[in-house]
Amino acid sequence: MTLAPAIVTLGPRSAALALRLRALLPGSRIHAPACADCDADERFLKATAGLRRLFAEGRPIVGLCASGILIRAVASTLGDKTNEPPVIAVAEDGSTVVPLLGGHHGANTLARLIADALGVPAAITTAGDNRFGIALDMPPPGWTLANPGDAKGIMVRLLEGAPGKLTVESGDAAWLRSASVAWADQADLEVLVTHRAVAGTPSRLVYHPPVLALGVGAELGASPEALRTLVDTTLAERGLARSSVACVVSLDLKTAEPAVHELGLPARFFPAVRLVEETERLSTRSELVFRETGCWGVAEGAALAAVGSKGRLLVPKQKGQRVTCAMAIAPEDLDPTEIGRPQGRLAVIGLGPGGPVWRTAEAERLLAEAEELVGYGLYLDLIGPAAAGKPRHEFPLGGEVDRCRKALELAAEGRRVALVCSGDPGIYALATLVFELLESATDPAWGRVAVTVSPGVSALQAAAARVGAPLGHDFCAISLSDLLTPYAVIEQRVRAAAAGDFVIALYNPVSARRRTALLMARDVLLEHRGAATPTILARNLGRPDETLRLIELGELHPDLCDMLTVVLVGSSTTRRMPRLHGEDWVYTPRGYEVG
């Protein structure tokens, strides 16, 4: 399973169970009907359509409902069983757990996990699991079948009593050795475990275990194509299975090299002091490499460091165009997450104005992937369930520089960090500060961090959407806070925007000590547009205490605002339009011919 499960509850009877399973399954989210009186991360209008969409996405489904509901919902989309995601039915009272689909794609494993947590048996019905305790067509993570199409036929013959021979050339294959299979010394059926590029047959099932570590070196800016060519050539000439390569490893100075990451393998990195420890095991040593990197060999050293003291060098350093590679083999499965350090990742995430309904899917994914959360305490609280169990690094208002420094420090250590902002991180928020710090950084490790800026719904967008379309023509945003911008510059910008007849979004309109800037902005705008110009005061949009007020520009006063308010002031063409219920609509015509 690559996607986090969707826990689907249809009503309050299974609400408590849904919360319990969400805590059990990392990254999972609760889906419920819009009308259901229960906690949910996402809502759908119709259960059938919602389930069908989740299934089409390939997302594992844990339905807290009758099996028939799940079966009827996805029946019309069933096709290739090799690609179907897990679908599991759990009784509303937690008394029964039944994997319905995707048994060999994680459903059986997930069902057992849920059943163990609930203290009930999992109703596993697949023959191989029940007879042997394993599924030959579902090897452990990291393992690959060379000929998956032959797995079913071989398993059927084993179930019928045919003897099978287990041949292990690499790795320990503990999961196969522990299976309830009467392995024979000689048999027509063979299960072969090897790191060699061997083809399977209808009578020979070939597994490639994750036992190879690919060490690489690359000059600054080396061609990704050159490294791919070198690696592919090396694997082919040595007869090695690419699917047995568990990870690509290198020196930490190469953390940000695109050539390393574009190999499509988990990438891990070591400091030079760790590679120096492998000096005695290197086939060659380079004084030039030592002068430039502090170690005697990058490709071989990294490969050997990855497989540990019991591993060995399998392929010595091979040279390409400004790139090198080497291969080492471990006696047991390699877990990339336990090797070296990954490239650190910093996601600067905009939560939108408040609740999760205005949060982008990208933001949700990055929050789920994050290992560490950094931000102002209120913003971290807004994350909700996605923050459960993750370290929080809270900073007060005014601690923006410290927030960004902490996020970069954590990311430079190889962590996945989410720096959380309200609204959009690039609009009066922390994205720009992150790049300022990166530009002036004295720690080179900061520059090797992978930075992603994930946009959010800004306060000006949210306010505009609530009242109609006031931003339908040219607009601008101006912050009235003089903490970072001189007051004279603010006034200059207000005058220019007023003269340009822009719709204007005023951020940070007032504070406890600062009230004159809003009065200045009002008076300047009144020189260029009428006192009746539609003006919107939007506060805490998307949150429980949301308020929205429509006034005229001439009524604008500091007593009506605070730092949580964004003010939208229309242009000379912005209009009010009555609606049947509630405040008027507000929109700014673009100039289309509608008559």
# chains A, B, ... in the order shown; residues from 1 in each chain; ligands from 1

$ select_by_dssp --residues "stretch 181-330 of chain A" --states "helix (DSSP H, G or I)" --output "MDAnalysis selection string"
chainID A and resid 224:238 242:244 252:254 258:261 272:276 279:281 287:293 299:307

$ closest_atom_pairs --of "stretch 330-383 of chain A" --to "stretch 140-163 of chain A" --cutoff "10 Å" --atoms "only C-alpha atoms" --output "CSV"
residue,atom,partner,partner_atom,distance
A:Asp333,CA,A:Gly142,CA,8.2
A:Leu334,CA,A:Gly142,CA,8.3
A:Asp335,CA,A:Gly142,CA,8.0
A:Pro336,CA,A:Gly142,CA,9.5

$ closest_residue --among "A:Val374, A:Val467, A:Leu136, A:Val206" --to "A:Met577" --atoms "only C-alpha atoms"
A:Val467

$ residues_around --residues "stretch 565-571 of chain A" --least-positions-apart "6" --cutoff "8 Å" --atoms "only C-alpha atoms" --output "list in words"
Ala459, Leu460, Ala463, Ala464, Pro470, Asp501, Phe502, Val503, Ile504, Ala505, Leu506, Tyr507, Asn508, Pro509, Arg529, Thr533, Pro534, Thr535, Ile536, Leu537, Ala538, Arg539, Asn540, Leu553 and Thr588 of chain A

$ select_by_dssp --residues "stretch 44-187 of chain A" --states "strand (DSSP E or B)" --output "list in words"
Phe44, Ile61, Val62, Gly63, Leu64, Val87, Ile88, Ala89, Val90, Val97, Val98, Pro99, Leu100, Leu101, Ala122, Thr144, Leu145, Gly164, Lys165, Leu166, Thr167, Val168 and Trp183 of chain A

$ write_last_selection --atoms "N, CA, C and O atoms" --output "short mmCIF file (atom, residue, chain, number, x, y, z; two decimals), in the first residue's frame"
data_model
loop_
_atom_site.label_atom_id
_atom_site.label_comp_id
_atom_site.auth_asym_id
_atom_site.auth_seq_id
_atom_site.Cartn_x
_atom_site.Cartn_y
_atom_site.Cartn_z
N PHE A 44 -18.67 13.55 1.88
CA PHE A 44 -19.17 13.25 0.55
C PHE A 44 -20.69 13.34 0.57
O PHE A 44 -21.33 13.17 1.63
N ILE A 61 -9.54 1.15 1.39
CA ILE A 61 -10.80 1.55 2.01
C ILE A 61 -11.08 0.65 3.20
O ILE A 61 -11.07 -0.58 3.09
N VAL A 62 -11.33 1.26 4.35
CA VAL A 62 -11.78 0.55 5.53
C VAL A 62 -13.20 1.04 5.80
O VAL A 62 -13.39 2.14 6.34
N GLY A 63 -14.17 0.27 5.39
CA GLY A 63 -15.57 0.67 5.51
C GLY A 63 -16.19 0.16 6.79
O GLY A 63 -16.23 -1.06 7.01
N LEU A 64 -16.68 1.06 7.63
CA LEU A 64 -17.33 0.66 8.89
C LEU A 64 -18.82 0.50 8.61
O LEU A 64 -19.66 1.32 9.00
N VAL A 87 -9.89 -3.41 0.11
CA VAL A 87 -11.21 -3.00 0.59
C VAL A 87 -11.56 -3.91 1.76
O VAL A 87 -11.62 -5.13 1.60
N ILE A 88 -11.77 -3.32 2.91
CA ILE A 88 -12.01 -4.09 4.14
C ILE A 88 -13.31 -3.63 4.77
O ILE A 88 -13.55 -2.42 4.92
N ALA A 89 -14.15 -4.58 5.14
CA ALA A 89 -15.38 -4.27 5.86
C ALA A 89 -15.18 -4.54 7.34
O ALA A 89 -14.68 -5.61 7.72
N VAL A 90 -15.54 -3.57 8.16
CA VAL A 90 -15.46 -3.72 9.62
C VAL A 90 -16.85 -3.44 10.17
O VAL A 90 -17.46 -2.40 9.86
N VAL A 97 -13.95 -8.27 11.11
CA VAL A 97 -13.07 -7.62 10.14
C VAL A 97 -12.92 -8.55 8.95
O VAL A 97 -12.41 -9.67 9.10
N VAL A 98 -13.36 -8.10 7.76
CA VAL A 98 -13.36 -8.96 6.58
C VAL A 98 -12.67 -8.25 5.41
O VAL A 98 -13.17 -7.24 4.93
N PRO A 99 -11.53 -8.76 4.94
CA PRO A 99 -10.93 -8.22 3.71
C PRO A 99 -11.72 -8.71 2.50
O PRO A 99 -11.81 -9.91 2.26
N LEU A 100 -12.29 -7.79 1.74
CA LEU A 100 -13.14 -8.15 0.60
C LEU A 100 -12.37 -8.19 -0.71
O LEU A 100 -12.59 -9.07 -1.55
N LEU A 101 -11.48 -7.23 -0.92
CA LEU A 101 -10.73 -7.13 -2.15
C LEU A 101 -9.28 -6.76 -1.83
O LEU A 101 -9.01 -6.16 -0.79
N ALA A 122 -9.49 -11.92 12.18
CA ALA A 122 -9.69 -11.42 10.83
C ALA A 122 -10.16 -12.57 9.95
O ALA A 122 -9.58 -13.65 9.96
N THR A 144 10.69 -8.14 -4.93
CA THR A 144 10.03 -8.05 -6.24
C THR A 144 9.96 -9.44 -6.87
O THR A 144 10.92 -10.22 -6.79
N LEU A 145 8.83 -9.72 -7.48
CA LEU A 145 8.67 -10.95 -8.25
C LEU A 145 9.13 -10.72 -9.68
O LEU A 145 8.66 -9.79 -10.34
N GLY A 164 8.05 -28.49 -3.46
CA GLY A 164 8.74 -27.31 -3.96
C GLY A 164 10.12 -27.20 -3.35
O GLY A 164 10.34 -27.58 -2.19
N LYS A 165 11.05 -26.66 -4.13
CA LYS A 165 12.43 -26.48 -3.66
C LYS A 165 12.69 -24.99 -3.45
O LYS A 165 12.37 -24.17 -4.29
N LEU A 166 13.26 -24.65 -2.30
CA LEU A 166 13.61 -23.26 -1.99
C LEU A 166 15.11 -23.08 -2.14
O LEU A 166 15.89 -23.73 -1.45
N THR A 167 15.50 -22.19 -3.08
CA THR A 167 16.92 -21.90 -3.30
C THR A 167 17.17 -20.44 -2.97
O THR A 167 16.57 -19.55 -3.58
N VAL A 168 18.03 -20.19 -2.00
CA VAL A 168 18.32 -18.82 -1.57
C VAL A 168 19.77 -18.50 -1.89
O VAL A 168 20.69 -19.04 -1.28
N TRP A 183 9.29 -27.70 2.14
CA TRP A 183 10.30 -27.54 1.10
C TRP A 183 11.10 -28.84 0.94
O TRP A 183 11.46 -29.49 1.93
#

$ residues_around --residues "A:Cys325" --least-positions-apart "3" --cutoff "7 Å" --atoms "only C-alpha atoms" --output "ChimeraX atom specification"
/A:214-217,231,299,317-319

$ write_last_selection --atoms "N, CA, C and O atoms" --output "short mmCIF file (atom, residue, chain, number, x, y, z; two decimals), in the first residue's frame"
data_model
loop_
_atom_site.label_atom_id
_atom_site.label_comp_id
_atom_site.auth_asym_id
_atom_site.auth_seq_id
_atom_site.Cartn_x
_atom_site.Cartn_y
_atom_site.Cartn_z
N LEU A 214 23.62 0.70 -4.14
CA LEU A 214 24.30 1.35 -5.26
C LEU A 214 24.97 2.62 -4.76
O LEU A 214 24.30 3.58 -4.39
N GLY A 215 26.29 2.62 -4.72
CA GLY A 215 27.03 3.82 -4.35
C GLY A 215 27.36 4.64 -5.58
O GLY A 215 27.76 4.07 -6.60
N VAL A 216 27.17 5.94 -5.51
CA VAL A 216 27.45 6.79 -6.66
C VAL A 216 28.23 8.03 -6.24
O VAL A 216 28.12 8.51 -5.11
N GLY A 217 28.98 8.53 -7.20
CA GLY A 217 29.65 9.82 -7.06
C GLY A 217 29.30 10.65 -8.27
O GLY A 217 29.08 10.11 -9.36
N VAL A 231 24.91 3.35 -14.63
CA VAL A 231 24.28 2.37 -13.74
C VAL A 231 23.65 1.24 -14.55
O VAL A 231 23.83 0.05 -14.25
N ALA A 299 31.86 6.47 -4.14
CA ALA A 299 30.95 5.42 -4.59
C ALA A 299 31.14 4.13 -3.79
O ALA A 299 30.18 3.57 -3.24
N LYS A 317 34.48 0.38 -8.23
CA LYS A 317 34.12 1.66 -8.86
C LYS A 317 34.19 1.57 -10.37
O LYS A 317 35.17 1.13 -10.95
N GLN A 318 33.09 2.01 -11.00
CA GLN A 318 33.02 2.14 -12.44
C GLN A 318 32.94 3.62 -12.78
O GLN A 318 32.26 4.38 -12.09
N LYS A 319 33.60 4.03 -13.87
CA LYS A 319 33.65 5.44 -14.21
C LYS A 319 32.82 5.74 -15.46
O LYS A 319 32.81 4.98 -16.41
#

$ atom_distance --atom1 "atom CA of A:Asp474" --atom2 "atom CA of A:Ala497"
10.4 Å

$ residues_around --residues "A:Leu220" --least-positions-apart "5" --cutoff "12 Å" --atoms "only C-alpha atoms" --output "count of residues only"
11

$ residues_around --residues "A:Pro455" --least-positions-apart "3" --cutoff "12 Å" --atoms "only C-alpha atoms" --output "number ranges by chain"
A: 347-353, 358-364, 366, 420-427, 429-431, 452, 458

$ write_last_selection --atoms "C-alpha atoms" --output "compact mmCIF listing (two decimals), in the first residue's frame"
# COMPACT_ATOMS: atom_id res chain seq x y z
CA ALA A 347 7.44 22.23 2.89
CA VAL A 348 6.22 25.78 3.48
CA ILE A 349 2.49 25.11 3.67
CA GLY A 350 -0.46 27.46 3.45
CA LEU A 351 -3.42 26.22 5.49
CA GLY A 352 -5.82 28.69 3.93
CA PRO A 353 -7.89 30.99 6.10
CA TRP A 358 -10.27 25.33 2.07
CA ARG A 359 -7.05 23.35 2.34
CA THR A 360 -5.50 22.04 -0.87
CA ALA A 361 -4.92 18.35 -1.51
CA GLU A 362 -1.20 19.08 -1.87
CA ALA A 363 -1.13 20.73 1.56
CA GLU A 364 -2.90 17.72 3.07
CA LEU A 366 2.63 17.35 2.65
CA VAL A 420 2.90 26.05 8.63
CA CYS A 421 1.35 29.39 7.67
CA SER A 422 -2.21 30.62 7.49
CA GLY A 423 -3.53 31.78 4.15
CA ASP A 424 -0.93 31.57 1.41
CA PRO A 425 2.72 31.23 2.53
CA GLY A 426 3.90 33.58 -0.20
CA ILE A 427 1.49 36.42 0.70
CA ALA A 429 3.91 35.00 5.22
CA LEU A 430 7.06 32.95 5.70
CA ALA A 431 8.00 31.68 2.25
CA THR A 452 8.52 23.15 -1.59
CA SER A 458 -5.42 33.66 0.88

$ atom_distance --atom1 "atom CA of A:Leu408" --atom2 "atom CA of A:Trp446"
6.2 Å

$ closest_residue --among "A:Ala15, A:Val298, A:Leu433, A:Val273" --to "A:Arg285" --atoms "only C-alpha atoms"
A:Val298
